[in-house]
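Undergrad: Handing you this structure, nothing more for now.
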Amino acid sequence: MTIQPVRLFGDPILRSRADEVTEFGAELAQLVTDLTETMHDDGGVGMAAPQIGVGLRVFVYDTGDAAGHVVNPAWSAIDEDEQVGPEGCLSIPGVRYDVRRALRVRVSGVDKTGAPVEFEADGLLARCVQHEHDHLDGVLFVNRLEAADRKEAMRTIRESDWFRAGVTVRESSGVGGGR
């Protein structure tokens, strides 16, 4: 298996914009495999490369209804409809809040071989795409919360055992609880 350690809130890579992928080959294919296996091991539905310490614009997803990966992704809302629903993050264990997102999105990018990828997504997959794309821009879901919820979330993070101990990298736990 290629389960990788997960970067936690406080690690600078989570606040940095990831670089465009320019080289396609075995290393990128392995990154997609590592992301997928780490996401599955932790019970997530999505994971972006910065979450395992790689500053490249790649994310994977598996909502149960759809699974795959996108390299150098872009997305746009299909219409003005929004959804509000719970989100968590494998990089911020123990924190879940409702986040407002576009209900339907159009996604484009390429796959690990450089072949074009395009699809439309709604519901959970649309939420996942937006959440993971945010990671690639150095944005965490807590940044999207209303002020009162953000304040409460930050308090929860500051009071967590892992944050108080200064832990910014953890081995994948296999217990889920993330996105």
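Within each chain, counting starts at residue 1; across the structure tokens, chains are named A, B, ... in the order shown, with ligands numbered 1 upward in that order.
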So which bits of segment 20-162 of chain A end up alpha helix (DSSP H) when you DSSP the backbone, as number ranges by chain?

TA: A: 26-42, 123-136, 147-159, 161-162

Undergrad: Considering only C-alpha atoms, return as a VMD selection string whatever protein or nucleic-acid residues lie within 7 Å of segment 45-50 of chain A, sequence-local ones (same chain, fewer than 4 positions apart) excluded.

TA: chain A and resid 13 to 14 35 39 54 to 63 128 132 135 to 136 179

Undergrad: Keeping only N, CA, C and O atoms, take the residues you just selected and write them out as a PDB file, in the first residue's frame.

TA:
```pdb
ATOM      1  N   ILE A  13       2.013  24.139   3.912  1.00  0.00           N
ATOM      2  CA  ILE A  13       1.629  23.722   2.564  1.00  0.00           C
ATOM      3  C   ILE A  13       0.119  23.816   2.353  1.00  0.00           C
ATOM      4  O   ILE A  13      -0.352  24.016   1.234  1.00  0.00           O
ATOM      5  N   LEU A  14      -0.650  23.710   3.436  1.00  0.00           N
ATOM      6  CA  LEU A  14      -2.113  23.787   3.319  1.00  0.00           C
ATOM      7  C   LEU A  14      -2.600  25.206   3.037  1.00  0.00           C
ATOM      8  O   LEU A  14      -3.755  25.399   2.656  1.00  0.00           O
ATOM      9  N   LEU A  35      -2.704   9.309  -3.263  1.00  0.00           N
ATOM     10  CA  LEU A  35      -3.848  10.116  -2.810  1.00  0.00           C
ATOM     11  C   LEU A  35      -5.085   9.250  -2.637  1.00  0.00           C
ATOM     12  O   LEU A  35      -5.792   9.351  -1.626  1.00  0.00           O
ATOM     13  N   MET A  39      -6.828   8.555   0.924  1.00  0.00           N
ATOM     14  CA  MET A  39      -8.213   8.999   1.095  1.00  0.00           C
ATOM     15  C   MET A  39      -9.093   7.831   1.547  1.00  0.00           C
ATOM     16  O   MET A  39      -9.863   7.960   2.500  1.00  0.00           O
ATOM     17  N   VAL A  54       2.378  17.450  -1.060  1.00  0.00           N
ATOM     18  CA  VAL A  54       2.821  17.645  -2.436  1.00  0.00           C
ATOM     19  C   VAL A  54       2.130  18.885  -3.005  1.00  0.00           C
ATOM     20  O   VAL A  54       0.905  18.921  -3.113  1.00  0.00           O
ATOM     21  N   GLY A  55       2.902  19.871  -3.376  1.00  0.00           N
ATOM     22  CA  GLY A  55       2.354  21.141  -3.834  1.00  0.00           C
ATOM     23  C   GLY A  55       2.018  21.165  -5.315  1.00  0.00           C
ATOM     24  O   GLY A  55       2.488  22.047  -6.040  1.00  0.00           O
ATOM     25  N   LEU A  56       1.235  20.196  -5.758  1.00  0.00           N
ATOM     26  CA  LEU A  56       0.804  20.127  -7.161  1.00  0.00           C
ATOM     27  C   LEU A  56      -0.716  20.156  -7.240  1.00  0.00           C
ATOM     28  O   LEU A  56      -1.408  19.683  -6.333  1.00  0.00           O
ATOM     29  N   ARG A  57      -1.235  20.634  -8.370  1.00  0.00           N
ATOM     30  CA  ARG A  57      -2.678  20.798  -8.580  1.00  0.00           C
ATOM     31  C   ARG A  57      -3.308  19.483  -9.048  1.00  0.00           C
ATOM     32  O   ARG A  57      -3.593  19.288 -10.218  1.00  0.00           O
ATOM     33  N   VAL A  58      -3.524  18.605  -8.068  1.00  0.00           N
ATOM     34  CA  VAL A  58      -4.114  17.287  -8.308  1.00  0.00           C
ATOM     35  C   VAL A  58      -5.055  16.986  -7.153  1.00  0.00           C
ATOM     36  O   VAL A  58      -4.704  17.218  -5.989  1.00  0.00           O
ATOM     37  N   PHE A  59      -6.247  16.469  -7.473  1.00  0.00           N
ATOM     38  CA  PHE A  59      -7.088  15.931  -6.413  1.00  0.00           C
ATOM     39  C   PHE A  59      -7.778  14.663  -6.886  1.00  0.00           C
ATOM     40  O   PHE A  59      -7.903  14.412  -8.084  1.00  0.00           O
ATOM     41  N   VAL A  60      -8.182  13.847  -5.914  1.00  0.00           N
ATOM     42  CA  VAL A  60      -8.916  12.615  -6.170  1.00  0.00           C
ATOM     43  C   VAL A  60     -10.248  12.696  -5.442  1.00  0.00           C
ATOM     44  O   VAL A  60     -10.417  13.485  -4.508  1.00  0.00           O
ATOM     45  N   TYR A  61     -11.196  11.872  -5.884  1.00  0.00           N
ATOM     46  CA  TYR A  61     -12.509  11.851  -5.246  1.00  0.00           C
ATOM     47  C   TYR A  61     -13.122  10.466  -5.376  1.00  0.00           C
ATOM     48  O   TYR A  61     -12.817   9.716  -6.304  1.00  0.00           O
ATOM     49  N   ASP A  62     -13.964  10.137  -4.400  1.00  0.00           N
ATOM     50  CA  ASP A  62     -14.762   8.916  -4.445  1.00  0.00           C
ATOM     51  C   ASP A  62     -15.953   9.117  -3.529  1.00  0.00           C
ATOM     52  O   ASP A  62     -15.849   8.978  -2.320  1.00  0.00           O
ATOM     53  N   THR A  63     -17.071   9.488  -4.131  1.00  0.00           N
ATOM     54  CA  THR A  63     -18.285   9.774  -3.357  1.00  0.00           C
ATOM     55  C   THR A  63     -19.159   8.532  -3.180  1.00  0.00           C
ATOM     56  O   THR A  63     -20.217   8.609  -2.566  1.00  0.00           O
ATOM     57  N   CYS A 128     -17.540  18.259  -3.138  1.00  0.00           N
ATOM     58  CA  CYS A 128     -16.198  17.686  -3.066  1.00  0.00           C
ATOM     59  C   CYS A 128     -15.242  18.412  -4.012  1.00  0.00           C
ATOM     60  O   CYS A 128     -14.128  18.782  -3.614  1.00  0.00           O
ATOM     61  N   GLU A 132     -11.967  20.355  -2.618  1.00  0.00           N
ATOM     62  CA  GLU A 132     -10.614  19.935  -2.991  1.00  0.00           C
ATOM     63  C   GLU A 132      -9.916  21.001  -3.823  1.00  0.00           C
ATOM     64  O   GLU A 132      -8.712  21.231  -3.668  1.00  0.00           O
ATOM     65  N   HIS A 135      -8.357  23.485  -1.631  1.00  0.00           N
ATOM     66  CA  HIS A 135      -7.051  23.053  -1.111  1.00  0.00           C
ATOM     67  C   HIS A 135      -5.922  23.437  -2.063  1.00  0.00           C
ATOM     68  O   HIS A 135      -4.837  23.805  -1.624  1.00  0.00           O
ATOM     69  N   LEU A 136      -6.182  23.352  -3.350  1.00  0.00           N
ATOM     70  CA  LEU A 136      -5.142  23.651  -4.336  1.00  0.00           C
ATOM     71  C   LEU A 136      -4.809  25.139  -4.376  1.00  0.00           C
ATOM     72  O   LEU A 136      -3.745  25.526  -4.857  1.00  0.00           O
ATOM     73  N   ARG A 179     -13.652  14.573   5.212  1.00  0.00           N
ATOM     74  CA  ARG A 179     -14.519  15.095   4.180  1.00  0.00           C
ATOM     75  C   ARG A 179     -15.399  14.021   3.659  1.00  0.00           C
ATOM     76  O   ARG A 179     -16.194  14.064   2.907  1.00  0.00           O
TER      77      ARG A 179
END
```

Undergrad: Please identify all polymer residues within 6 Å of segment 107-109 of chain A, counting only C-alpha atoms, omitting same-chain residues fewer than 2 positions from it, and present them as a ChimeraX atom specification.

TA: /A:70-75,116-119

Undergrad: Those same residues, written as a short mmCIF file (atom, residue, chain, number, x, y, z; two decimals), in the first residue's frame with N, CA and C atoms?

TA:
```
data_model
loop_
_atom_site.label_atom_id
_atom_site.label_comp_id
_atom_site.auth_asym_id
_atom_site.auth_seq_id
_atom_site.Cartn_x
_atom_site.Cartn_y
_atom_site.Cartn_z
N VAL A 70 -8.53 14.56 -10.96
CA VAL A 70 -8.39 15.65 -11.92
C VAL A 70 -7.06 16.34 -11.65
N VAL A 71 -6.32 16.58 -12.72
CA VAL A 71 -5.05 17.28 -12.68
C VAL A 71 -5.27 18.66 -13.29
N ASN A 72 -4.69 19.68 -12.67
CA ASN A 72 -4.86 21.07 -13.12
C ASN A 72 -6.34 21.42 -13.32
N PRO A 73 -7.15 21.19 -12.28
CA PRO A 73 -8.59 21.37 -12.43
C PRO A 73 -9.03 22.83 -12.45
N ALA A 74 -10.16 23.04 -13.08
CA ALA A 74 -10.89 24.31 -13.02
C ALA A 74 -12.37 23.94 -12.89
N TRP A 75 -13.13 24.81 -12.26
CA TRP A 75 -14.57 24.55 -12.16
C TRP A 75 -15.30 25.87 -12.26
N PRO A 116 -7.76 15.04 -21.70
CA PRO A 116 -8.78 15.96 -21.17
C PRO A 116 -9.82 15.24 -20.31
N VAL A 117 -10.25 15.94 -19.26
CA VAL A 117 -11.31 15.47 -18.37
C VAL A 117 -12.33 16.59 -18.27
N GLU A 118 -13.59 16.25 -18.51
CA GLU A 118 -14.67 17.22 -18.33
C GLU A 118 -15.89 16.49 -17.82
N PHE A 119 -16.56 17.08 -16.82
CA PHE A 119 -17.81 16.50 -16.33
C PHE A 119 -18.59 17.56 -15.59
#
```

Undergrad: For each of A:Arg104, A:His131, A:Lys112, A:Arg96, take the minimum atom-to-atom distance to Asp149 of chain A, counting only C-alpha atoms, then give the residue where this is smallest.

TA: A:Arg96

Undergrad: Determine, counting only C-alpha atoms, which protein, DNA and RNA residues have an atom within 8 Å of an atom of segment 156-164 of chain A; residues of the same chain fewer than 6 positions away are not included. Present the result as a ChimeraX atom specification.

TA: /A:9-10,92,95

Undergrad: Okay, now the selection with N, CA and C atoms, as a compact mmCIF listing (two decimals), in the first residue's frame?

TA:
```
# COMPACT_ATOMS: atom_id res chain seq x y z
N PHE A 9 -3.87 21.03 9.83
CA PHE A 9 -3.97 22.47 10.01
C PHE A 9 -2.74 22.97 10.75
N GLY A 10 -2.12 24.00 10.20
CA GLY A 10 -0.89 24.53 10.77
C GLY A 10 0.31 24.26 9.88
N ILE A 92 -8.19 18.56 9.13
CA ILE A 92 -8.69 19.25 10.33
C ILE A 92 -9.59 18.27 11.09
N VAL A 95 -13.54 18.42 13.21
CA VAL A 95 -14.24 19.68 12.97
C VAL A 95 -15.16 19.49 11.76
```

Undergrad: Name the closest residue to Tyr97 of chain A among the candidates A:Thr168, A:Thr38, A:Ser16, A:Asn143; distances are taken between atoms, counting only C-alpha atoms.

TA: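 Nearest to Tyr97 of chain A: A:Asn143.
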
Undergrad: Take atom CA of Val105 of chain A and atom CA of Glu27 of chain A and report the distance between them in Å, one decimal.

TA: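 Value for the atom CA of Val105 of chain A-atom CA of Glu27 of chain A distance: 29.1 Å.
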